[in-house]
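Printed here is model.cif (mmCIF, C-alpha atoms):
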data_upload
#
loop_
_atom_site.group_PDB
_atom_site.id
_atom_site.type_symbol
_atom_site.label_atom_id
_atom_site.label_comp_id
_atom_site.auth_asym_id
_atom_site.auth_seq_id
_atom_site.Cartn_x
_atom_site.Cartn_y
_atom_site.Cartn_z
ATOM 1 C CA MET J 1 -2.500 8.992 -12.059
ATOM 2 C CA GLU J 2 -0.767 8.277 -15.308
ATOM 3 C CA ASN J 3 -0.508 4.693 -16.422
ATOM 4 C CA SER J 4 -1.805 3.617 -13.079
ATOM 5 C CA SER J 5 -5.189 2.283 -13.787
ATOM 6 C CA SER J 6 -7.763 4.917 -13.162
ATOM 7 C CA GLY J 7 -8.210 8.260 -14.708
ATOM 8 C CA VAL J 8 -5.993 8.972 -11.825
ATOM 9 C CA ALA J 9 -3.075 6.649 -11.952
ATOM 10 C CA GLU J 10 -2.555 3.766 -14.247
ATOM 11 C CA THR J 11 0.412 1.567 -13.434
ATOM 12 C CA ALA J 12 1.494 -1.378 -15.471
ATOM 13 C CA GLU J 13 4.002 -4.146 -15.961
ATOM 14 C CA THR J 14 4.081 -7.462 -17.750
ATOM 15 C CA GLN J 15 4.075 -10.451 -15.412
ATOM 16 C CA VAL J 16 7.480 -12.066 -15.389
ATOM 17 C CA THR J 17 7.806 -15.292 -13.476
ATOM 18 C CA GLY J 18 10.793 -16.717 -15.301
ATOM 19 C CA VAL J 19 14.463 -16.180 -14.551
ATOM 20 C CA GLY J 20 17.381 -14.836 -16.521
ATOM 21 C CA ALA J 21 18.824 -16.187 -19.723
ATOM 22 C CA GLY J 22 21.595 -17.829 -17.707
ATOM 23 C CA ASP J 23 19.041 -20.296 -16.383
ATOM 24 C CA ALA J 24 18.682 -22.116 -19.710
ATOM 25 C CA GLY J 25 17.432 -25.646 -19.245
ATOM 26 C CA VAL J 26 15.870 -24.879 -15.880
ATOM 27 C CA SER J 27 12.094 -24.606 -15.724
ATOM 28 C CA ALA J 28 10.981 -21.118 -14.690
ATOM 29 C CA GLY J 29 7.837 -22.722 -13.299
ATOM 30 C CA ALA J 30 9.909 -25.038 -11.139
ATOM 31 C CA ARG J 31 11.908 -22.118 -9.821
ATOM 32 C CA ASP J 32 8.864 -20.056 -8.910
ATOM 33 C CA ALA J 33 7.209 -23.118 -7.410
ATOM 34 C CA GLY J 34 10.073 -23.284 -4.960
ATOM 35 C CA VAL J 35 11.886 -26.332 -6.331
ATOM 36 C CA ASP J 36 15.438 -26.191 -5.047
ATOM 37 C CA VAL J 37 17.747 -25.742 -8.023
ATOM 38 C CA PRO J 38 21.365 -25.499 -6.798
ATOM 39 C CA HIS J 39 22.523 -23.366 -9.696
ATOM 40 C CA ALA J 40 21.552 -22.447 -13.216
ATOM 41 C CA ALA J 41 22.971 -24.119 -16.302
ATOM 42 C CA GLY J 42 26.411 -22.695 -17.017
ATOM 43 C CA GLU J 43 26.658 -21.234 -13.523
ATOM 44 C CA SER J 44 29.088 -22.611 -10.991
ATOM 45 C CA ALA J 45 27.973 -23.444 -7.492
ATOM 46 C CA ALA J 46 30.181 -20.623 -6.208
ATOM 47 C CA GLU J 47 28.422 -18.141 -8.475
ATOM 48 C CA ALA J 48 24.931 -19.243 -7.494
ATOM 49 C CA PRO J 49 23.255 -16.702 -5.181
ATOM 50 C CA ALA J 50 23.350 -17.740 -1.563
ATOM 51 C CA ARG J 51 20.040 -18.723 -0.018
ATOM 52 C CA LYS J 52 19.098 -16.888 3.144
ATOM 53 C CA PRO J 53 18.927 -19.161 6.205
ATOM 54 C CA ALA J 54 15.505 -20.724 6.696
ATOM 55 C CA ARG J 55 13.071 -18.381 8.375
ATOM 56 C CA ARG J 56 11.421 -19.320 11.654
ATOM 57 C CA ARG J 57 7.768 -20.228 11.166
ATOM 58 C CA ASN J 58 5.294 -17.648 12.404
ATOM 59 C CA ARG J 59 3.228 -18.614 15.386
ATOM 60 C CA ARG J 60 -0.462 -19.270 14.875
ATOM 61 C CA GLY J 61 -2.210 -16.021 14.018
ATOM 62 C CA GLU J 62 0.943 -14.341 12.658
ATOM 63 C CA GLY J 63 0.110 -14.862 8.987
ATOM 64 C CA ALA J 64 -0.309 -11.106 8.509
ATOM 65 C CA LYS J 65 3.305 -10.679 9.583
ATOM 66 C CA LEU J 66 4.534 -12.967 6.786
ATOM 67 C CA ARG J 67 2.382 -11.063 4.301
ATOM 68 C CA GLU J 68 4.064 -7.805 5.301
ATOM 69 C CA GLU J 69 7.482 -9.440 5.077
ATOM 70 C CA ILE J 70 6.688 -10.553 1.532
ATOM 71 C CA VAL J 71 5.734 -7.006 0.549
ATOM 72 C CA ASP J 72 8.821 -5.620 2.307
ATOM 73 C CA ALA J 73 11.061 -8.062 0.444
ATOM 74 C CA ALA J 74 9.493 -7.234 -2.915
ATOM 75 C CA THR J 75 9.954 -3.513 -2.233
ATOM 76 C CA ALA J 76 13.595 -4.024 -1.240
ATOM 77 C CA ILE J 77 14.302 -5.949 -4.448
ATOM 78 C CA LEU J 78 12.651 -3.173 -6.437
ATOM 79 C CA ASP J 79 14.766 -0.517 -4.689
ATOM 80 C CA GLU J 80 17.997 -2.439 -5.259
ATOM 81 C CA GLU J 81 17.427 -3.602 -8.812
ATOM 82 C CA GLY J 82 15.215 -0.823 -10.161
ATOM 83 C CA ASP J 83 13.357 -3.426 -12.233
ATOM 84 C CA GLU J 84 10.024 -4.904 -11.164
ATOM 85 C CA ARG J 85 10.580 -7.864 -13.495
ATOM 86 C CA LEU J 86 13.129 -9.153 -10.992
ATOM 87 C CA VAL J 87 10.457 -9.330 -8.310
ATOM 88 C CA THR J 88 9.439 -12.986 -8.681
ATOM 89 C CA LEU J 89 7.992 -15.453 -6.227
ATOM 90 C CA ARG J 90 11.359 -17.173 -6.069
ATOM 91 C CA SER J 91 13.406 -13.994 -5.526
ATOM 92 C CA VAL J 92 11.038 -12.848 -2.785
ATOM 93 C CA ALA J 93 11.116 -16.265 -1.121
ATOM 94 C CA ARG J 94 14.920 -16.309 -1.182
ATOM 95 C CA ARG J 95 15.022 -12.844 0.354
ATOM 96 C CA ILE J 96 13.037 -13.841 3.442
ATOM 97 C CA GLY J 97 14.246 -17.435 3.699
ATOM 98 C CA ILE J 98 11.119 -19.396 2.856
ATOM 99 C CA ALA J 99 10.068 -21.787 0.101
ATOM 100 C CA ALA J 100 8.120 -20.142 -2.701
ATOM 101 C CA PRO J 101 4.963 -22.232 -2.055
ATOM 102 C CA SER J 102 4.729 -20.561 1.359
ATOM 103 C CA ILE J 103 3.765 -17.359 -0.472
ATOM 104 C CA TYR J 104 0.619 -18.800 -2.060
ATOM 105 C CA PRO J 105 -1.644 -18.569 1.006
ATOM 106 C CA HIS J 106 -1.027 -14.809 0.927
ATOM 107 C CA PHE J 107 -0.509 -14.016 -2.763
ATOM 108 C CA PRO J 108 -1.683 -16.218 -5.641
ATOM 109 C CA ASP J 109 0.875 -14.902 -8.129
ATOM 110 C CA GLN J 110 3.544 -12.293 -8.857
ATOM 111 C CA PRO J 111 1.123 -9.569 -10.005
ATOM 112 C CA SER J 112 -0.717 -9.743 -6.697
ATOM 113 C CA ILE J 113 2.554 -9.116 -4.851
ATOM 114 C CA MET J 114 3.277 -6.139 -7.081
ATOM 115 C CA MET J 115 -0.252 -4.837 -6.515
ATOM 116 C CA ALA J 116 0.370 -4.913 -2.770
ATOM 117 C CA VAL J 117 3.667 -3.054 -3.240
ATOM 118 C CA VAL J 118 2.080 -0.408 -5.468
ATOM 119 C CA ARG J 119 -0.959 0.036 -3.245
ATOM 120 C CA ARG J 120 1.223 0.543 -0.189
ATOM 121 C CA GLU J 121 3.366 3.086 -2.056
ATOM 122 C CA PHE J 122 0.295 5.079 -3.065
ATOM 123 C CA GLU J 123 -0.835 5.119 0.561
ATOM 124 C CA ALA J 124 2.616 6.298 1.613
ATOM 125 C CA LEU J 125 2.591 8.983 -1.101
ATOM 126 C CA ALA J 126 -0.747 10.314 0.132
ATOM 127 C CA GLY J 127 0.638 10.411 3.666
ATOM 128 C CA GLN J 128 3.729 12.342 2.583
ATOM 129 C CA LEU J 129 1.630 14.848 0.657
ATOM 130 C CA ARG J 130 -0.549 15.420 3.727
ATOM 131 C CA GLU J 131 2.492 15.888 5.939
ATOM 132 C CA ALA J 132 3.873 18.514 3.563
ATOM 133 C CA ARG J 133 0.465 20.219 3.416
ATOM 134 C CA ASP J 134 0.073 20.334 7.186
ATOM 135 C CA ARG J 135 3.398 22.108 7.654
ATOM 136 C CA GLU J 136 1.958 25.192 5.945
ATOM 137 C CA VAL J 137 -0.983 27.473 6.733
ATOM 138 C CA ASP J 138 -1.478 29.628 3.660
ATOM 139 C CA PRO J 139 -3.495 27.761 0.962
ATOM 140 C CA ARG J 140 -1.088 28.616 -1.851
ATOM 141 C CA GLU J 141 1.920 27.592 0.184
ATOM 142 C CA ARG J 142 0.152 24.349 1.053
ATOM 143 C CA LEU J 143 -0.423 23.563 -2.622
ATOM 144 C CA VAL J 144 3.190 24.336 -3.475
ATOM 145 C CA ALA J 145 4.429 22.161 -0.593
ATOM 146 C CA ILE J 146 2.288 19.250 -1.811
ATOM 147 C CA CYS J 147 3.687 19.536 -5.327
ATOM 148 C CA LEU J 148 7.293 19.755 -4.148
ATOM 149 C CA ALA J 149 6.758 16.728 -1.894
ATOM 150 C CA TYR J 150 5.488 14.762 -4.901
ATOM 151 C CA LEU J 151 8.622 15.611 -6.867
ATOM 152 C CA GLU J 152 10.787 14.579 -3.913
ATOM 153 C CA VAL J 153 9.124 11.153 -3.729
ATOM 154 C CA ALA J 154 9.890 10.630 -7.418
ATOM 155 C CA ARG J 155 13.508 11.662 -6.874
ATOM 156 C CA ALA J 156 14.098 9.630 -3.719
ATOM 157 C CA HIS J 157 12.528 6.350 -4.909
ATOM 158 C CA PRO J 158 12.890 6.137 -8.696
ATOM 159 C CA GLY J 159 12.265 2.383 -8.903
ATOM 160 C CA ARG J 160 9.049 2.572 -6.938
ATOM 161 C CA TYR J 161 7.951 5.689 -8.818
ATOM 162 C CA ARG J 162 8.468 4.071 -12.221
ATOM 163 C CA THR J 163 6.446 1.068 -11.104
ATOM 164 C CA MET J 164 3.630 3.279 -9.840
ATOM 165 C CA PHE J 165 3.493 5.650 -12.790
ATOM 166 C CA GLY J 166 5.861 4.567 -15.531
ATOM 167 C CA GLY J 167 3.677 2.057 -17.336
ATOM 168 C CA LEU J 168 6.090 -0.831 -16.717
ATOM 169 C CA TRP J 169 3.917 -2.934 -14.429
ATOM 170 C CA MET J 170 1.084 -4.275 -16.582
ATOM 171 C CA PRO J 171 -0.917 -7.111 -15.022
ATOM 172 C CA ASP J 172 -2.983 -9.194 -17.420
ATOM 173 C CA LEU J 173 -6.585 -8.695 -16.338
ATOM 174 C CA ASP J 174 -7.720 -11.721 -18.336
ATOM 175 C CA THR J 175 -5.405 -14.317 -16.815
ATOM 176 C CA GLY J 176 -4.015 -12.863 -13.595
ATOM 177 C CA SER J 177 -5.575 -12.328 -10.190
ATOM 178 C CA ILE J 178 -5.785 -8.517 -10.454
ATOM 179 C CA THR J 179 -9.173 -6.977 -11.212
ATOM 180 C CA ALA J 180 -9.994 -3.778 -13.088
ATOM 181 C CA GLU J 181 -11.653 -2.452 -9.925
ATOM 182 C CA GLU J 182 -8.403 -2.797 -7.992
ATOM 183 C CA LEU J 183 -6.485 -0.916 -10.655
ATOM 184 C CA MET J 184 -9.137 1.792 -10.807
ATOM 185 C CA SER J 185 -8.708 2.501 -7.098
ATOM 186 C CA LEU J 186 -4.995 3.245 -7.309
ATOM 187 C CA GLY J 187 -3.979 6.878 -6.983
ATOM 188 C CA ASN J 188 -7.331 8.272 -5.896
ATOM 189 C CA GLU J 189 -6.099 9.253 -2.452
ATOM 190 C CA PRO J 190 -3.069 11.348 -3.513
ATOM 191 C CA LEU J 191 -5.081 13.070 -6.238
ATOM 192 C CA GLU J 192 -7.790 13.934 -3.730
ATOM 193 C CA VAL J 193 -5.167 15.702 -1.610
ATOM 194 C CA LEU J 194 -4.233 17.796 -4.645
ATOM 195 C CA VAL J 195 -7.865 18.582 -5.558
ATOM 196 C CA VAL J 196 -8.724 19.731 -2.026
ATOM 197 C CA ALA J 197 -5.606 21.925 -1.844
ATOM 198 C CA LEU J 198 -6.449 23.565 -5.150
ATOM 199 C CA GLU J 199 -10.021 24.133 -3.992
ATOM 200 C CA ALA J 200 -8.717 25.928 -0.894
ATOM 201 C CA CYS J 201 -6.666 28.235 -3.133
ATOM 202 C CA VAL J 202 -9.768 29.081 -5.182
ATOM 203 C CA GLU J 203 -11.802 29.791 -2.043
ATOM 204 C CA ALA J 204 -9.023 32.062 -0.775
ATOM 205 C CA GLY J 205 -8.959 33.972 -4.047
ATOM 206 C CA GLN J 206 -5.469 32.673 -4.824
ATOM 207 C CA ALA J 207 -6.396 30.612 -7.888
ATOM 208 C CA THR J 208 -8.895 30.981 -10.714
ATOM 209 C CA SER J 209 -9.557 27.327 -11.527
ATOM 210 C CA ASP J 210 -13.119 26.682 -12.701
ATOM 211 C CA ASP J 211 -12.712 22.883 -12.954
ATOM 212 C CA LEU J 212 -10.890 21.552 -9.908
ATOM 213 C CA PHE J 213 -10.571 17.945 -11.029
ATOM 214 C CA ALA J 214 -9.394 18.772 -14.556
ATOM 215 C CA ASP J 215 -6.888 21.356 -13.348
ATOM 216 C CA ALA J 216 -5.603 19.051 -10.590
ATOM 217 C CA VAL J 217 -5.032 16.317 -13.181
ATOM 218 C CA ALA J 218 -3.289 18.820 -15.472
ATOM 219 C CA LEU J 219 -1.101 19.934 -12.569
ATOM 220 C CA TRP J 220 -0.232 16.338 -11.733
ATOM 221 C CA MET J 221 0.650 15.661 -15.373
ATOM 222 C CA GLY J 222 2.957 18.666 -15.389
ATOM 223 C CA LEU J 223 4.698 17.478 -12.228
ATOM 224 C CA HIS J 224 4.942 13.935 -13.564
ATOM 225 C CA GLY J 225 6.462 15.184 -16.801
ATOM 226 C CA LEU J 226 9.109 17.114 -14.888
ATOM 227 C CA ALA J 227 9.835 14.153 -12.600
ATOM 228 C CA HIS J 228 10.179 11.831 -15.569
ATOM 229 C CA GLN J 229 12.409 14.153 -17.572
ATOM 230 C CA ARG J 230 14.677 14.748 -14.612
ATOM 231 C CA SER J 231 15.058 10.991 -14.201
ATOM 232 C CA VAL J 232 16.039 10.370 -17.837
ATOM 233 C CA THR J 233 17.870 13.586 -18.743
ATOM 234 C CA ARG J 234 21.495 13.690 -17.683
ATOM 235 C CA ALA J 235 22.233 17.263 -18.700
ATOM 236 C CA PHE J 236 19.760 20.069 -19.263
ATOM 237 C CA PRO J 237 19.778 23.705 -18.114
ATOM 238 C CA TRP J 238 16.564 23.554 -16.083
ATOM 239 C CA PRO J 239 15.370 27.010 -14.998
ATOM 240 C CA ASP J 240 15.871 27.449 -11.271
ATOM 241 C CA ASP J 241 12.175 28.076 -10.736
ATOM 242 C CA ILE J 242 10.812 25.475 -13.152
ATOM 243 C CA GLU J 243 8.702 23.795 -10.436
ATOM 244 C CA LEU J 244 7.058 27.077 -9.469
ATOM 245 C CA ARG J 245 6.405 27.957 -13.092
ATOM 246 C CA ILE J 246 4.624 24.647 -13.636
ATOM 247 C CA ILE J 247 2.630 24.925 -10.413
ATOM 248 C CA GLY J 248 1.676 28.550 -10.942
ATOM 249 C CA ALA J 249 0.585 28.133 -14.535
ATOM 250 C CA LEU J 250 -1.317 24.829 -14.260
ATOM 251 C CA ALA J 251 -3.003 25.670 -10.944
ATOM 252 C CA HIS J 252 -3.995 29.121 -12.278
ATOM 253 C CA LEU J 253 -2.493 30.808 -9.232
ATOM 254 C CA THR J 254 -2.831 34.558 -8.894
ATOM 255 C CA GLY J 255 -0.905 37.195 -7.004
ATOM 256 C CA THR J 256 2.444 36.779 -5.328
ATOM 257 C CA GLY J 257 3.766 35.771 -1.960
ATOM 258 C CA ASP J 258 5.654 32.492 -2.348
ATOM 259 C CA GLY J 259 7.296 32.854 -5.722
ATOM 260 C CA THR J 260 4.524 31.228 -7.710
ATOM 261 C CA GLY J 261 2.696 34.407 -8.538
ATOM 262 C CA SER J 262 5.224 35.339 -11.194
ATOM 263 C CA ALA J 263 4.776 31.904 -12.714
ATOM 264 C CA ALA J 264 1.027 32.240 -13.063
ATOM 265 C CA PRO J 265 -0.355 33.804 -16.239
ATOM 266 C CA GLN J 266 -0.957 37.472 -15.566
ATOM 267 C CA PRO J 267 -3.652 39.508 -17.325
ATOM 268 C CA VAL J 268 -2.328 41.970 -19.866
ATOM 269 C CA THR J 269 -3.707 45.498 -19.607
ATOM 270 C CA PRO J 270 -4.100 47.072 -23.055
ATOM 271 C CA GLN J 271 -1.966 50.188 -23.431
ATOM 272 C CA PRO J 272 -3.112 53.198 -25.476
ATOM 273 C CA VAL J 273 -1.339 53.597 -28.753
ATOM 274 C CA THR J 274 0.541 56.881 -29.094
ATOM 275 C CA PRO J 275 2.470 58.192 -32.073
ATOM 276 C CA GLU J 276 5.690 57.513 -30.208
ATOM 277 C CA SER J 277 4.770 53.842 -29.550
ATOM 278 C CA ALA J 278 3.065 53.069 -32.806
ATOM 279 C CA GLY J 279 6.244 52.420 -34.764
ATOM 280 C CA PRO J 280 7.215 53.970 -38.125
ATOM 281 C CA GLN J 281 4.957 56.829 -39.174
ATOM 282 C CA PRO J 282 3.734 57.456 -42.707
ATOM 283 C CA VAL J 283 5.880 59.827 -44.720
ATOM 284 C CA THR J 284 4.254 63.197 -45.437
ATOM 285 C CA PRO J 285 5.521 66.051 -47.617
ATOM 286 C CA GLU J 286 6.247 67.966 -44.451
ATOM 287 C CA SER J 287 8.315 65.180 -42.912
ATOM 288 C CA ALA J 288 10.023 63.982 -46.036
ATOM 289 C CA GLY J 289 12.313 66.998 -46.279
ATOM 290 C CA PRO J 290 13.807 68.311 -49.512
#

Could the structure of this file be written out as structure tokens, please?
Amino acid sequence: MENSSSGVAETAETQVTGVGAGDAGVSAGARDAGVDVPHAAGESAAEAPARKPARRRNRRGEGAKLREEIVDAATAILDEEGDERLVTLRSVARRIGIAAPSIYPHFPDQPSIMMAVVRREFEALAGQLREARDREVDPRERLVAICLAYLEVARAHPGRYRTMFGGLWMPDLDTGSITAEELMSLGNEPLEVLVVALEACVEAGQATSDDLFADAVALWMGLHGLAHQRSVTRAFPWPDDIELRIIGALAHLTGTGDGTGSAAPQPVTPQPVTPESAGPQPVTPESAGP
């Protein structure tokens, strides 16, 4: 999907491993390496963020648990701050009470942590779209439910959504640990849910799409545009049925039944032209009067 790597979803963000401007004189590398710096230059000890109590070491074989905790912590920081640049090795380590070097056996750098966050969110998105789909039986209603579920994810988790689709997370493929293949895989699963749902509408005679992939991408772009505009526009008189208009038009839905039919383009039947409907008539001597 947009800005998320593939022709499906290309996410991006510049890698930020440093800390805020208030940390002048303190090496960002030292901070992310886990060196204990009591407080930043110009910051009192009372103002320095409190470190979480040291975390109990996992037992042998529980490394996967720490990996999940790292991803959970990064996601929580993203939810609270709404800015993926604040997800650093140091901030994640502080959140779960470990030294930053303890992260390296699981993630080589900050972009790899963000990749794990984004990948998990795409998997969750696909799951939510399937759940919405499976609550309906009619193909058109299933497609509409999928689209509305997508918009709800964007509304409920704006920080995660911007990281997935907003073009803010941009790993450097030349210097970081992320590969182009990994980026290309993001978003395929949710888009596949949309393609299959649209195909079912076509097979049921409820849509006239002749290019499922292209129309599914167009539909996603329409939904993404609405989600984005709603997140950045504070006041706008959105039509009450704007979602259904977008879905109906871009999915080429036909007929009625769930409210989307009126949103889909309807064929216009040519009407015969009669003297009464043709507009002003030419003036003749008989009609001109004296």

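Across the model, the gap from CA of Ile146 (chain J) to CA of Leu194 (chain J) is 7.3 Å.
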
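A straight line drawn from CA of Glu243 (chain J) to CA of Asp138 (chain J) is 18.3 Å long.
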
- request: Determine the residue set returned by the PyMOL selection byres ((chain J and resi 131-133) around 8) for the present structure, and present it as a ChimeraX atom specification.
  value: /J:127-130,134-136,142-143,145-146,149

message: When the PyMOL selection byres ((chain J and resi 227) around 9) is applied to the structure above, which residues does it catch, written out as a list of chain:residue names?
response: J:Tyr150, J:Leu151, J:Glu152, J:Ala154, J:Arg155, J:Gly222, J:Leu223, J:His224, J:Gly225, J:Leu226, J:His228, J:Gln229, J:Arg230, J:Ser231, J:Val232

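Across the structure, CA of Thr75 (chain J) and CA of Leu219 (chain J) are spaced 27.9 Å apart.
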
message: Please expand the PyMOL selection byres ((chain J and resi 164) around 6) into the concrete residues it hits in this file, giving the result as a ChimeraX atom specification.
response: /J:11,118,161-163,165

As AutoDock Vina command-line options, please: the centre and edge lengths in Å, to one decimal, of an axis-aligned box enclosing every listed atom of region 66-73 of chain J with 6 Å added on each side.
--center_x 6.7 --center_y -9.3 --center_z 3.6 --size_x 20.7 --size_y 19.3 --size_z 18.3

- prompt: Arg160 (chain J): which residues within 12 Å, counting all atoms listed in the file, same-chain residues fewer than 6 positions away excluded, as a VMD selection string?
  reply: chain J and resid 11 74 to 84 114 to 115 117 to 122 124 to 125 153 to 154 166 to 169

- prompt: Which polymer residues have any atom within 8 Å of an atom of Gln206 (chain J), counting only C-alpha atoms, with same-chain residues fewer than 3 positions away left out, as JSON, numbers by chain?
  reply: {"J": [139, 140, 201, 202, 203, 253, 254, 255]}

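Minimum atom-to-atom distance to Pro171 (chain J), evaluated using all atoms listed in the file, belongs to J:Ile113 out of J:Leu191, J:Ile113, J:Ala64, J:Ala218.
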